[in-house]
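Engineer: PDB, C-alpha atoms, file structure-v7.pdb:
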MODEL        1
ATOM      1  CA  MET W   1     206.367  14.648 152.263
ATOM      2  CA  LYS W   2     203.635  12.008 152.363
ATOM      3  CA  SER W   3     200.325  12.690 154.058
ATOM      4  CA  LYS W   4     201.047  10.461 157.082
ATOM      5  CA  GLU W   5     204.452  12.060 157.603
ATOM      6  CA  ARG W   6     205.159  15.104 159.701
ATOM      7  CA  ILE W   7     208.044  16.755 161.510
ATOM      8  CA  ASP W   8     207.596  18.135 165.021
ATOM      9  CA  VAL W   9     210.042  20.815 166.067
ATOM     10  CA  TRP W  10     210.217  21.738 169.765
ATOM     11  CA  ILE W  11     212.101  24.878 170.729
ATOM     12  CA  SER W  12     212.777  25.195 174.430
ATOM     13  CA  PRO W  13     212.849  28.468 176.374
ATOM     14  CA  GLU W  14     216.651  28.145 176.231
ATOM     15  CA  GLY W  15     216.693  27.838 172.437
ATOM     16  CA  ALA W  16     217.415  24.106 172.307
ATOM     17  CA  ILE W  17     215.684  22.405 169.400
ATOM     18  CA  THR W  18     214.392  18.836 169.249
ATOM     19  CA  LEU W  19     213.293  17.415 165.917
ATOM     20  CA  ASP W  20     210.990  14.420 165.742
ATOM     21  CA  ALA W  21     210.154  12.880 162.359
ATOM     22  CA  VAL W  22     206.847  11.033 162.706
ATOM     23  CA  GLY W  23     205.289   8.497 160.363
ATOM     24  CA  TYR W  24     208.416   7.691 158.376
ATOM     25  CA  THR W  25     209.958   4.290 157.964
ATOM     26  CA  GLY W  26     213.575   3.392 157.552
ATOM     27  CA  SER W  27     216.159   6.060 157.054
ATOM     28  CA  SER W  28     213.807   8.334 155.119
ATOM     29  CA  CYS W  29     213.224  10.143 158.417
ATOM     30  CA  GLU W  30     216.821  11.346 158.469
ATOM     31  CA  GLU W  31     216.572  12.578 154.910
ATOM     32  CA  ALA W  32     213.357  14.377 155.803
ATOM     33  CA  THR W  33     214.893  16.380 158.640
ATOM     34  CA  ARG W  34     218.240  17.027 156.986
ATOM     35  CA  PHE W  35     217.214  20.426 155.614
ATOM     36  CA  LEU W  36     216.304  21.616 159.101
ATOM     37  CA  GLU W  37     219.378  20.158 160.773
ATOM     38  CA  ALA W  38     221.654  21.825 158.246
ATOM     39  CA  GLU W  39     220.083  25.240 158.764
ATOM     40  CA  LEU W  40     219.219  25.476 162.454
ATOM     41  CA  GLY W  41     222.491  24.931 164.273
ATOM     42  CA  THR W  42     224.859  22.353 165.660
ATOM     43  CA  ILE W  43     223.595  18.825 166.097
ATOM     44  CA  GLY W  44     223.757  17.393 169.597
ATOM     45  CA  ARG W  45     222.341  13.933 169.658
ATOM     46  CA  LYS W  46     220.526  11.587 167.319
ATOM     47  CA  GLN W  47     218.404   8.812 168.708
ATOM     48  CA  ARG W  48     216.803   6.278 166.455
ATOM     49  CA  THR W  49     213.599   4.590 167.463
ATOM     50  CA  ARG W  50     212.311   1.214 166.345
ATOM     51  CA  ASP W  51     210.595   2.531 163.234
ATOM     52  CA  TYR W  52     213.959   3.583 161.876
ATOM     53  CA  TYR W  53     214.907  -0.065 161.523
ATOM     54  CA  ARG W  54     211.753  -1.048 159.635
ATOM     55  CA  LYS W  55     212.324  -1.409 155.910
ATOM     56  CA  ASN W  56     210.623   0.881 153.442
ATOM     57  CA  THR W  57     209.691  -1.410 150.572
ATOM     58  CA  ARG W  58     206.653  -3.619 150.678
ATOM     59  CA  HIS W  59     208.165  -7.012 149.909
ATOM     60  CA  GLN W  60     210.937  -6.509 152.448
ATOM     61  CA  SER W  61     208.525  -5.384 155.130
ATOM     62  CA  ASN W  62     206.534  -8.598 154.707
ATOM     63  CA  GLN W  63     209.661 -10.587 155.415
ATOM     64  CA  GLN W  64     210.503  -8.371 158.401
ATOM     65  CA  GLU W  65     207.099  -8.974 159.919
ATOM     66  CA  GLN W  66     207.607 -12.729 159.773
ATOM     67  CA  GLN W  67     210.916 -12.405 161.541
ATOM     68  CA  SER W  68     209.965  -9.878 164.234
TER      69      SER W  68
ATOM     70  CA  MET K   1     208.331   8.107 165.442
ATOM     71  CA  SER K   2     211.537   7.408 163.647
ATOM     72  CA  HIS K   3     214.286   9.419 165.264
ATOM     73  CA  PHE K   4     214.987  12.384 167.482
ATOM     74  CA  THR K   5     217.654  14.954 166.802
ATOM     75  CA  THR K   6     218.670  17.655 169.242
ATOM     76  CA  ILE K   7     220.192  20.877 168.003
ATOM     77  CA  GLN K   8     221.614  23.922 169.713
ATOM     78  CA  THR K   9     220.331  26.959 167.838
ATOM     79  CA  GLN K  10     222.881  29.045 166.000
ATOM     80  CA  ILE K  11     222.054  32.396 164.500
ATOM     81  CA  ARG K  12     222.835  32.431 160.782
ATOM     82  CA  ASP K  13     219.759  33.877 159.113
ATOM     83  CA  VAL K  14     219.418  37.619 159.504
ATOM     84  CA  GLU K  15     215.813  37.723 158.319
ATOM     85  CA  ALA K  16     214.810  35.113 160.858
ATOM     86  CA  LEU K  17     216.537  37.166 163.553
ATOM     87  CA  GLU K  18     214.684  40.224 162.361
ATOM     88  CA  ALA K  19     211.366  38.364 162.616
ATOM     89  CA  ALA K  20     212.260  37.270 166.150
ATOM     90  CA  CYS K  21     213.074  40.863 167.091
ATOM     91  CA  THR K  22     209.778  42.067 165.656
ATOM     92  CA  GLU K  23     207.929  39.521 167.752
ATOM     93  CA  LEU K  24     209.825  40.727 170.831
ATOM     94  CA  GLY K  25     208.905  44.299 169.963
ATOM     95  CA  VAL K  26     212.502  45.432 169.430
ATOM     96  CA  GLU K  27     214.549  46.655 166.479
ATOM     97  CA  LEU K  28     217.390  44.934 164.668
ATOM     98  CA  LEU K  29     219.971  47.440 163.493
ATOM     99  CA  ARG K  30     222.935  46.926 161.210
ATOM    100  CA  ASP K  31     226.540  48.002 161.601
ATOM    101  CA  THR K  32     226.198  50.159 164.664
ATOM    102  CA  GLN K  33     227.119  50.412 168.341
ATOM    103  CA  ALA K  34     225.494  48.369 171.084
ATOM    104  CA  ARG K  35     225.054  50.166 174.420
ATOM    105  CA  GLY K  36     226.678  48.678 177.508
ATOM    106  CA  PHE K  37     227.264  49.520 181.167
ATOM    107  CA  ASN K  38     228.442  53.000 182.059
ATOM    108  CA  HIS K  39     228.049  54.357 178.538
ATOM    109  CA  THR K  40     230.483  51.899 177.000
ATOM    110  CA  THR K  41     229.638  50.620 173.550
ATOM    111  CA  ARG K  42     230.706  47.737 171.363
ATOM    112  CA  HIS K  43     230.329  47.407 167.631
ATOM    113  CA  GLY K  44     227.860  44.931 166.167
ATOM    114  CA  GLN K  45     227.469  43.849 162.554
ATOM    115  CA  LEU K  46     223.947  43.455 163.898
ATOM    116  CA  VAL K  47     222.567  45.073 167.031
ATOM    117  CA  VAL K  48     219.389  44.124 168.853
ATOM    118  CA  ARG K  49     218.276  47.460 170.283
ATOM    119  CA  LEU K  50     216.493  46.532 173.505
ATOM    120  CA  LYS K  51     213.989  48.648 175.412
ATOM    121  CA  GLY K  52     216.278  48.857 178.457
ATOM    122  CA  PRO K  53     219.677  50.537 178.768
ATOM    123  CA  TYR K  54     221.800  47.840 177.080
ATOM    124  CA  ASP K  55     221.774  46.213 173.648
ATOM    125  CA  ILE K  56     222.940  42.914 172.187
ATOM    126  CA  ALA K  57     225.748  42.930 169.626
ATOM    127  CA  ALA K  58     225.941  40.114 167.062
ATOM    128  CA  ASN K  59     229.129  39.468 165.103
ATOM    129  CA  ARG K  60     230.403  36.741 162.829
ATOM    130  CA  ALA K  61     233.991  35.712 163.408
ATOM    131  CA  GLU K  62     236.327  36.583 160.537
ATOM    132  CA  GLY K  63     238.455  33.801 159.151
ATOM    133  CA  ALA K  64     242.194  33.781 159.473
ATOM    134  CA  GLU K  65     244.029  34.113 156.171
ATOM    135  CA  GLY K  66     243.022  31.389 153.815
ATOM    136  CA  THR K  67     240.135  30.141 155.932
ATOM    137  CA  ALA K  68     236.444  30.937 155.803
ATOM    138  CA  GLY K  69     234.972  32.901 158.671
ATOM    139  CA  SER K  70     232.166  31.632 160.828
ATOM    140  CA  ASP K  71     228.649  31.236 159.443
ATOM    141  CA  SER K  72     226.981  32.014 162.707
ATOM    142  CA  TYR K  73     226.678  35.158 164.761
ATOM    143  CA  GLU K  74     228.058  35.306 168.279
ATOM    144  CA  LEU K  75     226.030  37.368 170.719
ATOM    145  CA  ALA K  76     227.517  39.712 173.279
ATOM    146  CA  THR K  77     225.861  41.963 175.824
ATOM    147  CA  ASP K  78     226.112  43.424 179.294
ATOM    148  CA  TRP K  79     224.242  41.273 181.817
ATOM    149  CA  TRP K  80     224.616  43.738 184.683
ATOM    150  CA  ASN K  81     221.599  44.188 186.918
ATOM    151  CA  GLY K  82     219.376  41.848 184.953
ATOM    152  CA  HIS K  83     218.270  44.406 182.354
ATOM    153  CA  VAL K  84     218.952  42.223 179.332
ATOM    154  CA  ALA K  85     217.807  38.982 180.989
ATOM    155  CA  ALA K  86     214.470  40.648 181.740
ATOM    156  CA  GLU K  87     213.913  41.171 178.021
ATOM    157  CA  VAL K  88     215.466  38.127 176.342
ATOM    158  CA  GLY K  89     215.795  35.609 179.147
ATOM    159  CA  PRO K  90     218.968  34.361 180.825
ATOM    160  CA  ASN K  91     221.569  33.429 178.224
ATOM    161  CA  TYR K  92     219.483  34.941 175.418
ATOM    162  CA  GLY K  93     217.037  32.028 175.738
ATOM    163  CA  ARG K  94     213.900  33.824 174.592
ATOM    164  CA  LEU K  95     215.697  35.448 171.664
ATOM    165  CA  LEU K  96     217.171  32.102 170.567
ATOM    166  CA  GLN K  97     213.794  30.440 170.957
ATOM    167  CA  LEU K  98     212.016  32.951 168.746
ATOM    168  CA  TYR K  99     214.871  32.844 166.243
ATOM    169  CA  GLY K 100     214.470  29.061 166.099
ATOM    170  CA  VAL K 101     210.726  29.420 165.606
ATOM    171  CA  HIS K 102     211.014  31.901 162.752
ATOM    172  CA  LYS K 103     213.946  30.095 161.131
ATOM    173  CA  THR K 104     211.975  26.839 161.175
ATOM    174  CA  MET K 105     208.971  28.540 159.617
ATOM    175  CA  ARG K 106     211.131  30.088 156.904
ATOM    176  CA  GLU K 107     212.687  26.741 156.002
ATOM    177  CA  ALA K 108     209.257  25.092 155.953
ATOM    178  CA  ALA K 109     207.928  27.806 153.640
ATOM    179  CA  LYS K 110     210.788  27.165 151.202
ATOM    180  CA  LYS K 111     209.614  23.562 150.986
ATOM    181  CA  ARG K 112     205.979  24.623 150.767
ATOM    182  CA  LEU K 113     205.107  22.708 153.930
ATOM    183  CA  ARG K 114     202.120  23.553 156.103
ATOM    184  CA  VAL K 115     203.119  24.938 159.480
ATOM    185  CA  THR K 116     201.270  25.109 162.774
ATOM    186  CA  ARG K 117     202.628  26.705 165.918
ATOM    187  CA  HIS K 118     201.674  25.696 169.480
ATOM    188  CA  GLN K 119     202.634  27.089 172.857
ATOM    189  CA  GLU K 120     203.456  24.228 175.243
ATOM    190  CA  ASN K 121     202.839  24.396 179.001
ATOM    191  CA  ASP K 122     206.535  24.126 179.862
ATOM    192  CA  GLY K 123     207.344  27.277 177.873
ATOM    193  CA  SER K 124     208.480  25.405 174.768
ATOM    194  CA  ILE K 125     207.089  26.254 171.368
ATOM    195  CA  ARG K 126     206.194  23.367 169.058
ATOM    196  CA  ILE K 127     206.102  23.825 165.293
ATOM    197  CA  THR K 128     204.601  21.034 163.201
ATOM    198  CA  LEU K 129     205.513  20.678 159.528
ATOM    199  CA  ALA K 130     203.281  18.639 157.253
ATOM    200  CA  ALA K 131     202.697  18.156 153.543
TER     201      ALA K 131
ENDMDL
END
Starting from the file, give its structure as structure tokens.

Structural biologist:
Amino acid sequence: MKSKERIDVWISPEGAITLDAVGYTGSSCEEATRFLEAELGTIGRKQRTRDYYRKNTRHQSNQQEQQS
Amino acid sequence: MSHFTTIQTQIRDVEALEAACTELGVELLRDTQARGFNHTTRHGQLVVRLKGPYDIAANRAEGAEGTAGSDSYELATDWWNGHVAAEVGPNYGRLLQLYGVHKTMREAAKKRLRVTRHQENDGSIRITLAA
């Protein structure tokens, strides 16, 4: 895990868990939370935010910025 | 933020359940009878021995021939008169919450991640994992 990355895990009083991967770009966020998802229970819903669609690598992200 | 995932907690890790029970101030017993209404009992592979008159039995479903059984424990108890709900919340909520907390911390420790735990105002518990 890089220093800017973190995973927030909320556990409700009913035992429902929400995972939020913060500071990741691209699909690395899904890889980062996979170990928790596999162990904690059954997955309900995944919702991707805008950062998910940003590319990871530097030269690609420069091109993305010109387009967006 | 990159993505949100929602998960319904399932009990699979006995040590995490034990840690949750310890935090609740109750014992986790193995292979014994759980007390129910009117002196009835049911068997539990695991039994959460509550402070009140009834216990929670936890059992994993056995597979039919040729299939694997279930990984996760199903909970069963006697909800009569609110005794169990007073200790673990309606629908085992508080027990599931603490199981989720301890299971998350165990998985984080395996990856050598730093963990902080916060109590939120709405009754949720937030665990943050960082490098």

Engineer: For the structure shown, which residues end up in the PyMOL selection byres ((chain K and resi 50-63) around 10)? Put them as number ranges by chain, please?

Structural biologist: K: 11-12, 21, 24-49, 64-80, 83-84, 86-88, 92

Engineer: Find the residues near Ala16 of chain K: any atom within 12 Å, counting all atoms listed in the file, skip ones fewer than 5 places away on the same chain, and give them as JSON, numbers by chain.

Structural biologist: {"W": [39, 40], "K": [10, 11, 21, 22, 23, 28, 95, 96, 97, 98, 99, 100, 101, 102, 103, 104, 105, 106, 107]}

Engineer: How big is the axis-aligned box, and where does its centre sit, when it encloses all atoms of segment 10-22 of chain W listed in the file and has 6 Å added on every side, reported in Å to one decimal as JSON?

Structural biologist:
{"center_x": 212.1, "center_y": 19.8, "center_z": 169.4, "size_x": 22.6, "size_y": 29.4, "size_z": 26.0}

Engineer: Pull the closest atom pair for each residue of chain K that gets at most 6 Å from chain W, along with the distance in Å to one decimal, counting all atoms listed in the file, ordering rows by chain and then ascending residue number, as CSV.

Structural biologist:
residue,atom,partner,partner_atom,distance
K:Met1,CA,W:Val22,CA,4.3
K:Ser2,CA,W:Tyr52,CA,4.9
K:His3,CA,W:Arg48,CA,4.2
K:Phe4,CA,W:Asp20,CA,4.8
K:Thr5,CA,W:Lys46,CA,4.5
K:Thr6,CA,W:Thr18,CA,4.4
K:Ile7,CA,W:Ile43,CA,4.4
K:Gln8,CA,W:Ala16,CA,4.9
K:Thr9,CA,W:Gly41,CA,4.6
K:Gln10,CA,W:Gly41,CA,4.5
K:Gly93,CA,W:Glu14,CA,3.9
K:Arg94,CA,W:Pro13,CA,5.7
K:Leu96,CA,W:Gly15,CA,4.7
K:Gln97,CA,W:Gly15,CA,4.2
K:Gly123,CA,W:Pro13,CA,5.8
K:Ser124,CA,W:Ser12,CA,4.3
K:Ile125,CA,W:Ile11,CA,5.2
K:Arg126,CA,W:Trp10,CA,4.4
K:Ile127,CA,W:Val9,CA,5.0
K:Thr128,CA,W:Asp8,CA,4.5
K:Leu129,CA,W:Ile7,CA,5.1
K:Ala130,CA,W:Arg6,CA,4.7
K:Ala131,CA,W:Met1,CA,5.2

Engineer: What does the structure give for the distance between atom CA of Glu31 of chain W and atom CA of Lys110 of chain K, in Å to one decimal?

Structural biologist: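 One can read the atom CA of Glu31 of chain W to atom CA of Lys110 of chain K distance as 16.1 Å.
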
Engineer: Could you tell me how far atom CA of Ala108 of chain K sits from atom CA of Arg34 of chain W, in Å to one decimal place?

Structural biologist: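 These two atoms are separated by 12.1 Å.
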
Engineer: What is the distance, in Å and to one decimal place, between atom CA of Pro90 of chain K and atom CA of Asn121 of chain K?

Structural biologist: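 About the pair atom CA of Pro90 of chain K and atom CA of Asn121 of chain K: they are 19.0 Å apart.
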